[in-house]
$ cat work-v2.pdb   # PDB, C-alpha atoms
ATOM      1  CA  MET U   1       5.770  -3.407   3.398
ATOM      2  CA  ASP U   2       4.661  -4.258  -0.113
ATOM      3  CA  SER U   3       1.103  -2.984  -0.458
ATOM      4  CA  GLY U   4       0.709  -3.984  -4.100
ATOM      5  CA  LEU U   5      -1.752  -6.489  -5.486
ATOM      6  CA  GLU U   6       0.466  -9.542  -5.865
ATOM      7  CA  PRO U   7       0.622 -10.712  -2.208
ATOM      8  CA  PHE U   8      -3.164 -10.397  -1.961
ATOM      9  CA  SER U   9      -3.800 -12.128  -5.255
ATOM     10  CA  GLN U  10      -1.430 -14.976  -4.505
ATOM     11  CA  SER U  11      -3.088 -15.703  -1.182
ATOM     12  CA  LEU U  12      -6.592 -15.409  -2.645
ATOM     13  CA  SER U  13      -5.667 -17.465  -5.709
ATOM     14  CA  LEU U  14      -6.678 -14.540  -7.918
ATOM     15  CA  SER U  15      -3.595 -14.687 -10.089
ATOM     16  CA  GLY U  16      -1.437 -17.431 -11.449
ATOM     17  CA  ALA U  17      -4.541 -19.321 -12.560
ATOM     18  CA  GLY U  18      -3.267 -20.361 -15.968
ATOM     19  CA  ILE U  19      -4.294 -23.354 -18.010
ATOM     20  CA  LYS U  20      -3.640 -26.642 -16.247
ATOM     21  CA  PRO U  21      -0.436 -28.289 -17.515
ATOM     22  CA  THR U  22      -0.696 -31.241 -19.825
ATOM     23  CA  PRO U  23       0.525 -34.638 -18.617
ATOM     24  CA  ASP U  24       3.387 -34.376 -21.101
ATOM     25  CA  SER U  25       5.912 -32.187 -19.306
ATOM     26  CA  SER U  26       7.859 -31.489 -22.499
ATOM     27  CA  GLN U  27       4.716 -30.129 -24.164
ATOM     28  CA  SER U  28       3.998 -28.011 -21.105
ATOM     29  CA  GLN U  29       7.538 -26.612 -21.152
ATOM     30  CA  THR U  30       7.299 -25.853 -24.854
ATOM     31  CA  LYS U  31       4.082 -23.959 -24.226
ATOM     32  CA  GLN U  32       5.666 -21.949 -21.425
ATOM     33  CA  ASP U  33       8.631 -21.105 -23.651
ATOM     34  CA  PHE U  34       6.289 -19.952 -26.419
ATOM     35  CA  LEU U  35       4.056 -17.794 -24.199
ATOM     36  CA  PRO U  36       6.461 -14.817 -23.977
ATOM     37  CA  MET U  37       6.580 -14.793 -27.788
ATOM     38  CA  LEU U  38       2.791 -14.490 -27.859
ATOM     39  CA  GLY U  39       3.182 -11.613 -25.429
ATOM     40  CA  LEU U  40       5.344  -9.811 -27.965
ATOM     41  CA  VAL U  41       2.509 -10.123 -30.475
ATOM     42  CA  PHE U  42      -0.531  -9.321 -28.330
ATOM     43  CA  LEU U  43       0.768  -7.109 -25.501
ATOM     44  CA  GLY U  44       2.352  -3.685 -25.287
ATOM     45  CA  TYR U  45      -0.206  -1.951 -27.503
ATOM     46  CA  ASP U  46      -0.828   1.789 -27.350
ATOM     47  CA  LEU U  47      -3.679   1.986 -24.844
ATOM     48  CA  GLU U  48      -5.184   5.247 -26.092
ATOM     49  CA  ALA U  49      -5.311   4.022 -29.697
ATOM     50  CA  TYR U  50      -6.758   0.676 -28.616
ATOM     51  CA  ALA U  51      -9.399   2.395 -26.466
ATOM     52  CA  LYS U  52     -10.545   4.468 -29.452
ATOM     53  CA  LYS U  53     -10.707   1.424 -31.726
ATOM     54  CA  LEU U  54     -13.088  -0.298 -29.307
ATOM     55  CA  ALA U  55     -15.731   2.127 -30.622
ATOM     56  CA  GLU U  56     -15.921  -0.067 -33.728
ATOM     57  CA  LEU U  57     -17.537  -2.827 -31.668
ATOM     58  CA  ASN U  58     -20.736  -0.833 -31.095
ATOM     59  CA  ASP U  59     -21.285  -2.969 -28.002
ATOM     60  CA  GLY U  60     -22.928  -0.248 -25.935
ATOM     61  CA  LEU U  61     -20.083  -0.147 -23.409
ATOM     62  CA  PRO U  62     -18.144   3.044 -22.651
ATOM     63  CA  LEU U  63     -14.698   3.498 -24.116
ATOM     64  CA  PRO U  64     -11.836   3.220 -21.616
ATOM     65  CA  GLN U  65     -10.163   6.363 -20.397
ATOM     66  CA  VAL U  66      -6.421   5.900 -20.037
ATOM     67  CA  PHE U  67      -5.300   6.842 -16.548
ATOM     68  CA  SER U  68      -1.941   7.935 -15.363
ATOM     69  CA  TRP U  69      -0.961   5.735 -12.447
ATOM     70  CA  GLU U  70       1.575   5.809  -9.696
ATOM     71  CA  GLU U  71       3.209   3.314  -7.409
ATOM     72  CA  PRO U  72       1.072   2.759  -4.314
ATOM     73  CA  GLU U  73       2.240   4.268  -1.066
ATOM     74  CA  ALA U  74       2.883   1.754   1.679
ATOM     75  CA  VAL U  75      -0.230   1.465   3.793
ATOM     76  CA  GLU U  76       1.616   2.285   7.018
ATOM     77  CA  HIS U  77       2.578   5.628   5.449
ATOM     78  CA  GLN U  78      -0.919   6.272   4.123
ATOM     79  CA  LEU U  79      -2.451   5.727   7.552
ATOM     80  CA  ARG U  80       0.445   7.230   9.538
ATOM     81  CA  LEU U  81       0.592   4.181  11.768
ATOM     82  CA  GLU U  82       2.493   4.086  15.023
ATOM     83  CA  PRO U  83       5.551   1.773  15.232
ATOM     84  CA  GLU U  84       3.633  -0.850  17.239
ATOM     85  CA  ASP U  85       0.859  -0.891  14.633
ATOM     86  CA  ILE U  86       3.389  -1.217  11.819
ATOM     87  CA  LYS U  87       4.829  -4.227  13.635
ATOM     88  CA  THR U  88       1.319  -5.755  13.804
ATOM     89  CA  VAL U  89       0.958  -5.418  10.034
ATOM     90  CA  LEU U  90       4.396  -6.793   9.243
ATOM     91  CA  VAL U  91       3.980  -9.805  11.527
ATOM     92  CA  PHE U  92       0.562 -10.535  10.084
ATOM     93  CA  GLU U  93       1.926 -10.352   6.533
ATOM     94  CA  GLN U  94       4.600 -12.848   7.525
ATOM     95  CA  ILE U  95       1.934 -15.195   8.882
ATOM     96  CA  LEU U  96       0.078 -14.939   5.573
ATOM     97  CA  GLN U  97       3.199 -15.656   3.555
ATOM     98  CA  GLN U  98       3.958 -18.696   5.692
ATOM     99  CA  LYS U  99       0.279 -19.766   5.610
ATOM    100  CA  ARG U 100       0.172 -20.144   9.357
ATOM    101  CA  LYS U 101      -2.923 -19.950  11.551
ATOM    102  CA  SER U 102      -2.862 -17.530  14.472
ATOM    103  CA  GLY U 103      -6.020 -16.327  16.177
ATOM    104  CA  LYS U 104      -3.957 -13.982  18.344
ATOM    105  CA  HIS U 105      -2.424 -12.086  15.444
ATOM    106  CA  TYR U 106      -5.670 -12.135  13.479
ATOM    107  CA  GLN U 107      -7.437 -10.477  16.394
ATOM    108  CA  ALA U 108      -4.694  -7.842  16.695
ATOM    109  CA  MET U 109      -4.980  -7.092  12.981
ATOM    110  CA  LYS U 110      -8.757  -6.944  13.178
ATOM    111  CA  GLU U 111      -8.583  -4.399  16.021
ATOM    112  CA  LEU U 112      -6.081  -2.342  14.019
ATOM    113  CA  SER U 113      -8.382  -2.296  10.992
ATOM    114  CA  GLU U 114     -11.253  -1.081  13.163
ATOM    115  CA  ARG U 115      -9.137   1.841  14.336
ATOM    116  CA  HIS U 116      -7.747   2.562  10.849
ATOM    117  CA  PRO U 117     -10.254   1.438   8.204
ATOM    118  CA  ALA U 118      -8.519   0.901   4.849
ATOM    119  CA  PRO U 119      -9.102  -1.543   1.996
ATOM    120  CA  GLU U 120      -5.451  -2.641   2.042
ATOM    121  CA  LEU U 121      -5.688  -3.725   5.683
ATOM    122  CA  GLU U 122      -9.032  -5.327   5.022
ATOM    123  CA  MET U 123      -7.562  -7.427   2.246
ATOM    124  CA  LEU U 124      -4.974  -8.829   4.631
ATOM    125  CA  LEU U 125      -7.772  -9.959   6.940
ATOM    126  CA  ILE U 126      -9.825 -11.439   4.101
ATOM    127  CA  THR U 127      -6.755 -13.213   2.763
ATOM    128  CA  TYR U 128      -6.335 -14.870   6.170
ATOM    129  CA  LEU U 129     -10.003 -15.830   6.320
ATOM    130  CA  THR U 130      -9.856 -17.219   2.788
ATOM    131  CA  GLN U 131      -7.047 -19.539   3.872
ATOM    132  CA  TRP U 132      -8.725 -20.765   7.061
ATOM    133  CA  LEU U 133     -12.430 -19.764   7.203
ATOM    134  CA  PRO U 134     -13.632 -19.183   3.617
ATOM    135  CA  ASN U 135     -17.295 -18.760   4.554
ATOM    136  CA  GLU U 136     -16.370 -15.993   6.947
ATOM    137  CA  ALA U 137     -14.283 -14.373   4.213
ATOM    138  CA  GLU U 138     -17.350 -14.067   1.991
ATOM    139  CA  SER U 139     -19.364 -12.656   4.882
ATOM    140  CA  ARG U 140     -16.671 -10.084   5.627
ATOM    141  CA  PHE U 141     -16.602  -8.994   1.975
ATOM    142  CA  HIS U 142     -20.335  -8.251   2.255
ATOM    143  CA  GLN U 143     -20.034  -6.416   5.567
ATOM    144  CA  GLN U 144     -17.123  -4.222   4.579
ATOM    145  CA  LEU U 145     -18.581  -3.216   1.205
ATOM    146  CA  GLU U 146     -21.851  -2.311   2.889
ATOM    147  CA  ALA U 147     -19.873  -0.058   5.219
ATOM    148  CA  HIS U 148     -17.449   1.227   2.565
ATOM    149  CA  SER U 149     -19.125   1.141  -0.836
ATOM    150  CA  ASP U 150     -16.329   3.283  -2.324
ATOM    151  CA  TRP U 151     -13.595   0.684  -1.661
ATOM    152  CA  LEU U 152     -13.077  -0.266  -5.293
ATOM    153  CA  LEU U 153     -10.005  -2.373  -4.498
ATOM    154  CA  LEU U 154     -12.125  -4.603  -2.282
ATOM    155  CA  ARG U 155     -15.067  -4.612  -4.712
ATOM    156  CA  SER U 156     -12.828  -5.629  -7.624
ATOM    157  CA  LEU U 157     -11.259  -8.497  -5.714
ATOM    158  CA  TRP U 158     -14.659  -9.688  -4.502
ATOM    159  CA  SER U 159     -15.857  -9.734  -8.108
ATOM    160  CA  THR U 160     -12.695 -11.476  -9.286
ATOM    161  CA  ARG U 161     -13.208 -14.179  -6.688
ATOM    162  CA  LEU U 162     -16.664 -14.816  -8.154
ATOM    163  CA  MET U 163     -15.256 -15.315 -11.670
ATOM    164  CA  MET U 164     -12.490 -17.581 -10.426
ATOM    165  CA  GLU U 165     -14.772 -19.890  -8.442
ATOM    166  CA  ALA U 166     -17.798 -20.243 -10.737
ATOM    167  CA  PRO U 167     -18.051 -23.623 -12.512
ATOM    168  CA  PRO U 168     -18.896 -23.497 -16.246
ATOM    169  CA  GLU U 169     -22.510 -24.533 -15.749
ATOM    170  CA  LEU U 170     -23.075 -21.605 -13.362
ATOM    171  CA  MET U 171     -21.154 -19.022 -15.374
ATOM    172  CA  PRO U 172     -24.249 -17.208 -16.748
ATOM    173  CA  ALA U 173     -25.474 -16.593 -13.201
ATOM    174  CA  ALA U 174     -21.953 -15.607 -12.126
ATOM    175  CA  LEU U 175     -21.726 -13.047 -14.941
ATOM    176  CA  ALA U 176     -25.010 -11.500 -13.835
ATOM    177  CA  ALA U 177     -23.779 -11.409 -10.225
ATOM    178  CA  PHE U 178     -20.488  -9.866 -11.371
ATOM    179  CA  LYS U 179     -22.352  -7.011 -13.050
ATOM    180  CA  GLU U 180     -24.268  -6.389  -9.830
ATOM    181  CA  ARG U 181     -21.131  -6.481  -7.692
ATOM    182  CA  MET U 182     -19.375  -4.013 -10.001
ATOM    183  CA  GLN U 183     -22.480  -1.806 -10.107
ATOM    184  CA  ASN U 184     -22.719  -2.438 -13.874
ATOM    185  CA  LYS U 185     -19.643  -0.248 -14.423
ATOM    186  CA  PHE U 186     -16.862  -1.855 -16.464
ATOM    187  CA  GLU U 187     -14.460   1.064 -16.874
ATOM    188  CA  LEU U 188     -12.325   2.595 -14.179
ATOM    189  CA  HIS U 189     -13.341   6.193 -14.910
ATOM    190  CA  GLU U 190     -16.935   5.270 -14.060
ATOM    191  CA  HIS U 191     -15.799   4.604 -10.483
ATOM    192  CA  VAL U 192     -12.895   6.976  -9.770
ATOM    193  CA  SER U 193     -10.927   9.871 -11.235
ATOM    194  CA  GLY U 194      -7.183   9.732 -11.848
ATOM    195  CA  PRO U 195      -4.353   9.534 -11.195
ATOM    196  CA  VAL U 196      -4.797   6.133  -9.596
ATOM    197  CA  ALA U 197      -2.430   3.806  -7.744
ATOM    198  CA  ALA U 198      -1.117   1.077 -10.049
ATOM    199  CA  ASP U 199      -2.329  -1.723  -7.779
ATOM    200  CA  LEU U 200      -5.931  -0.491  -8.022
ATOM    201  CA  VAL U 201      -5.690  -0.231 -11.816
ATOM    202  CA  ASN U 202      -4.264  -3.741 -11.976
ATOM    203  CA  THR U 203      -6.893  -5.193  -9.654
ATOM    204  CA  PHE U 204      -9.777  -3.569 -11.505
ATOM    205  CA  TYR U 205      -8.625  -4.694 -14.939
ATOM    206  CA  TYR U 206      -7.897  -8.207 -13.719
ATOM    207  CA  ALA U 207     -11.569  -8.393 -12.744
ATOM    208  CA  THR U 208     -12.778  -7.013 -16.074
ATOM    209  CA  ALA U 209     -10.411  -9.262 -18.036
ATOM    210  CA  LEU U 210     -12.034 -12.296 -16.416
ATOM    211  CA  TYR U 211     -15.516 -10.917 -17.025
ATOM    212  CA  PHE U 212     -14.877 -10.214 -20.717
ATOM    213  CA  LEU U 213     -13.158 -13.579 -21.111
ATOM    214  CA  ASN U 214     -16.118 -15.460 -19.689
ATOM    215  CA  SER U 215     -18.676 -13.323 -21.543
ATOM    216  CA  ASN U 216     -16.901 -13.962 -24.860
ATOM    217  CA  GLN U 217     -15.809 -10.394 -25.605
ATOM    218  CA  PRO U 218     -12.207 -11.002 -26.738
ATOM    219  CA  GLU U 219     -11.402  -7.468 -27.919
ATOM    220  CA  ARG U 220     -12.406  -5.992 -24.569
ATOM    221  CA  CYS U 221     -10.617  -8.768 -22.720
ATOM    222  CA  LEU U 222      -7.376  -8.104 -24.591
ATOM    223  CA  TYR U 223      -7.548  -4.416 -23.705
ATOM    224  CA  SER U 224      -7.820  -5.315 -20.012
ATOM    225  CA  ILE U 225      -4.883  -7.715 -20.336
ATOM    226  CA  ASN U 226      -2.791  -4.993 -21.946
ATOM    227  CA  VAL U 227      -3.481  -2.765 -18.942
ATOM    228  CA  LEU U 228      -2.477  -5.618 -16.628
ATOM    229  CA  GLU U 229       0.825  -5.972 -18.437
ATOM    230  CA  ARG U 230       1.582  -2.304 -17.759
ATOM    231  CA  THR U 231       0.613  -2.233 -14.093
ATOM    232  CA  GLY U 232       1.604  -5.568 -12.566
ATOM    233  CA  PRO U 233       3.604  -8.770 -12.982
ATOM    234  CA  ARG U 234       3.917  -9.625 -16.683
ATOM    235  CA  GLN U 235       3.462 -13.330 -15.979
ATOM    236  CA  SER U 236      -0.043 -12.698 -14.667
ATOM    237  CA  ALA U 237      -0.981 -10.973 -17.936
ATOM    238  CA  LEU U 238       0.606 -13.762 -19.975
ATOM    239  CA  LYS U 239      -1.422 -16.440 -18.228
ATOM    240  CA  LEU U 240      -4.662 -14.619 -18.934
ATOM    241  CA  LEU U 241      -3.540 -14.085 -22.520
ATOM    242  CA  GLU U 242      -3.002 -17.834 -22.802
ATOM    243  CA  LYS U 243      -6.568 -18.463 -21.637
ATOM    244  CA  LEU U 244      -7.922 -15.923 -24.101
ATOM    245  CA  LEU U 245      -6.051 -17.370 -27.081
ATOM    246  CA  LEU U 246      -7.146 -20.908 -26.261
ATOM    247  CA  GLN U 247     -10.727 -19.725 -26.022
ATOM    248  CA  ILE U 248     -10.795 -17.825 -29.318
ATOM    249  CA  ASP U 249      -9.198 -20.794 -31.085
ATOM    250  CA  SER U 250     -11.912 -23.027 -29.658
ATOM    251  CA  ASN U 251     -14.604 -20.551 -30.763
ATOM    252  CA  GLY U 252     -13.099 -19.912 -34.205
ATOM    253  CA  GLN U 253     -12.435 -16.245 -33.361
ATOM    254  CA  ARG U 254      -8.670 -16.025 -33.910
ATOM    255  CA  ASP U 255      -9.005 -14.270 -37.300
ATOM    256  CA  GLN U 256     -11.568 -11.873 -35.837
ATOM    257  CA  LEU U 257      -9.222 -10.797 -33.040
ATOM    258  CA  GLN U 258      -6.151 -10.665 -35.277
ATOM    259  CA  ASP U 259      -7.958  -8.421 -37.764
ATOM    260  CA  PHE U 260      -9.041  -6.132 -34.918
ATOM    261  CA  VAL U 261      -5.521  -5.699 -33.543
ATOM    262  CA  ALA U 262      -3.734  -5.705 -36.919
ATOM    263  CA  PRO U 263      -2.851  -1.966 -36.744
ATOM    264  CA  PHE U 264      -1.309  -2.366 -33.293
ATOM    265  CA  ARG U 265       0.642  -5.461 -34.323
ATOM    266  CA  ALA U 266       2.008  -3.605 -37.359
ATOM    267  CA  GLU U 267       3.077  -0.717 -35.152
ATOM    268  CA  LYS U 268       4.861  -3.107 -32.804
ATOM    269  CA  MET U 269       6.691  -4.724 -35.696
ATOM    270  CA  ARG U 270       7.886  -1.319 -36.880
ATOM    271  CA  ASP U 271       9.132  -0.508 -33.384
ATOM    272  CA  LEU U 272      10.980  -3.839 -33.154
ATOM    273  CA  LYS U 273      12.639  -3.288 -36.531
ATOM    274  CA  ASP U 274      13.723   0.192 -35.475
ATOM    275  CA  ARG U 275      15.316  -1.185 -32.324
ATOM    276  CA  VAL U 276      17.466  -3.707 -34.165
ATOM    277  CA  LYS U 277      18.753  -1.249 -36.791
TER     278      LYS U 277
END

$ encode --input "work-v2.pdb" --output "structure tokens"
Amino acid sequence: MDSGLEPFSQSLSLSGAGIKPTPDSSQSQTKQDFLPMLGLVFLGYDLEAYAKKLAELNDGLPLPQVFSWEEPEAVEHQLRLEPEDIKTVLVFEQILQQKRKSGKHYQAMKELSERHPAPELEMLLITYLTQWLPNEAESRFHQQLEAHSDWLLLRSLWSTRLMMEAPPELMPAALAAFKERMQNKFELHEHVSGPVAADLVNTFYYATALYFLNSNQPERCLYSINVLERTGPRQSALKLLEKLLLQIDSNGQRDQLQDFVAPFRAEKMRDLKDRVK
């Protein structure tokens, strides 16, 4: 079973939320062709060097600590599930992928999660509820985080959902609610100690990327996106990068961000030249 972030995020619409395509399909295709080139310019930076440079912002936020991360262990191995329980999980995942409704299998999964509490199992249940009973999904987020305040995977996805759903006119209130949901802690080391599973790193920094994007902190946002590029599907990072670049162009901040990352861009260019020698 794949216990990484992508199946959860796809079902919850937490990833793949790029800019809406233009009516002109040729323009949209050109943009998609150009996006990987922008990734070469703005992604792949040295995370430790970038984290140190964030000190220049004097924004009062802690500097990131760069974690070592590892591939997540399949949840059935983590929980040492019996074969029948593993079958319950696999069948339920198939139902989610096919976007089918099944009260019988939902109930079986719910009973399994009560016997083996784990954020990964909980996310499968919330994914199902999001598809069919969204109000109950929000209620279950609340209940489970009250019972398991240390489930950072669940907390990060709950916060991400807030950023994804808030309309522009309600964004200030959503940002304040995000801070409360994340306990006013915007760096991973404030919540956990490493090493950390890559899916948790990716989920956490997806949430912070959206927060920094919507709070107009492009340098912090780009750091989060660079972590995403290292820990999950590159396309997800590229789509967030696209949003960021459109926003800074609209706000007249492109030069500001380019000046900030100039040392990292120069280092990348040197690496590229060395590779083609």

$ resolve_selection --input "work-v2.pdb" --expression "the PyMOL selection byres ((chain U and resi 178) around 12)" --output "ChimeraX atom specification"
/U:155-166,171-177,179-186,207-208,210-212,214-215

$ residues_around --input "work-v2.pdb" --residues "Leu244 of chain U" --least-positions-apart "5" --cutoff "8 Å" --atoms "all atoms listed in the file" --output "MDAnalysis selection string"
chainID U and resid 213 218 221:222

$ atom_distance --input "work-v2.pdb" --atom1 "atom CA of Gln98 of chain U" --atom2 "atom CA of Val75 of chain U"
20.7 Å

$ atom_distance --input "work-v2.pdb" --atom1 "atom CA of Glu219 of chain U" --atom2 "atom CA of Pro62 of chain U"
13.6 Å

$ closest_residue --input "work-v2.pdb" --among "U:Ser224, U:Ser236, U:Gln78, U:Ser68" --to "His116 of chain U" --atoms "only C-alpha atoms"
U:Gln78

$ resolve_selection --input "work-v2.pdb" --expression "the PyMOL selection byres ((chain U and resi 192) around 12)" --output "CSV table (one decimal) with C-alpha atoms, in the frame of the given file"
chain,number,residue,atom,x,y,z
U,65,GLN,CA,-10.2,6.4,-20.4
U,67,PHE,CA,-5.3,6.8,-16.5
U,150,ASP,CA,-16.3,3.3,-2.3
U,151,TRP,CA,-13.6,0.7,-1.7
U,152,LEU,CA,-13.1,-0.3,-5.3
U,153,LEU,CA,-10.0,-2.4,-4.5
U,185,LYS,CA,-19.6,-0.2,-14.4
U,186,PHE,CA,-16.9,-1.9,-16.5
U,187,GLU,CA,-14.5,1.1,-16.9
U,188,LEU,CA,-12.3,2.6,-14.2
U,189,HIS,CA,-13.3,6.2,-14.9
U,190,GLU,CA,-16.9,5.3,-14.1
U,191,HIS,CA,-15.8,4.6,-10.5
U,193,SER,CA,-10.9,9.9,-11.2
U,194,GLY,CA,-7.2,9.7,-11.8
U,195,PRO,CA,-4.4,9.5,-11.2
U,196,VAL,CA,-4.8,6.1,-9.6
U,197,ALA,CA,-2.4,3.8,-7.7
U,200,LEU,CA,-5.9,-0.5,-8.0
U,201,VAL,CA,-5.7,-0.2,-11.8
U,204,PHE,CA,-9.8,-3.6,-11.5

$ residues_around --input "work-v2.pdb" --residues "Leu47 of chain U" --least-positions-apart "3" --cutoff "8 Å" --atoms "all atoms listed in the file" --output "PyMOL selection string"
chain U and resi 50-51+66+223+226-227

$ closest_residue --input "work-v2.pdb" --among "U:Ala74, U:Gln217, U:Gln235, U:Ile225" --to "Leu54 of chain U" --atoms "all atoms listed in the file"
U:Gln217

$ closest_residue --input "work-v2.pdb" --among "U:Ser113, U:Ser139, U:Gln247, U:Gln144" --to "Leu79 of chain U" --atoms "all atoms listed in the file"
U:Ser113

$ resolve_selection --input "work-v2.pdb" --expression "the PyMOL selection byres ((chain U and resi 232) around 10)" --output "PyMOL selection string"
chain U and resi 4-6+198-199+201-203+206+227-231+233-237

$ closest_residue --input "work-v2.pdb" --among "U:Glu84, U:Asp274, U:Lys104, U:Asn216" --to "Lys243 of chain U" --atoms "only C-alpha atoms"
U:Asn216
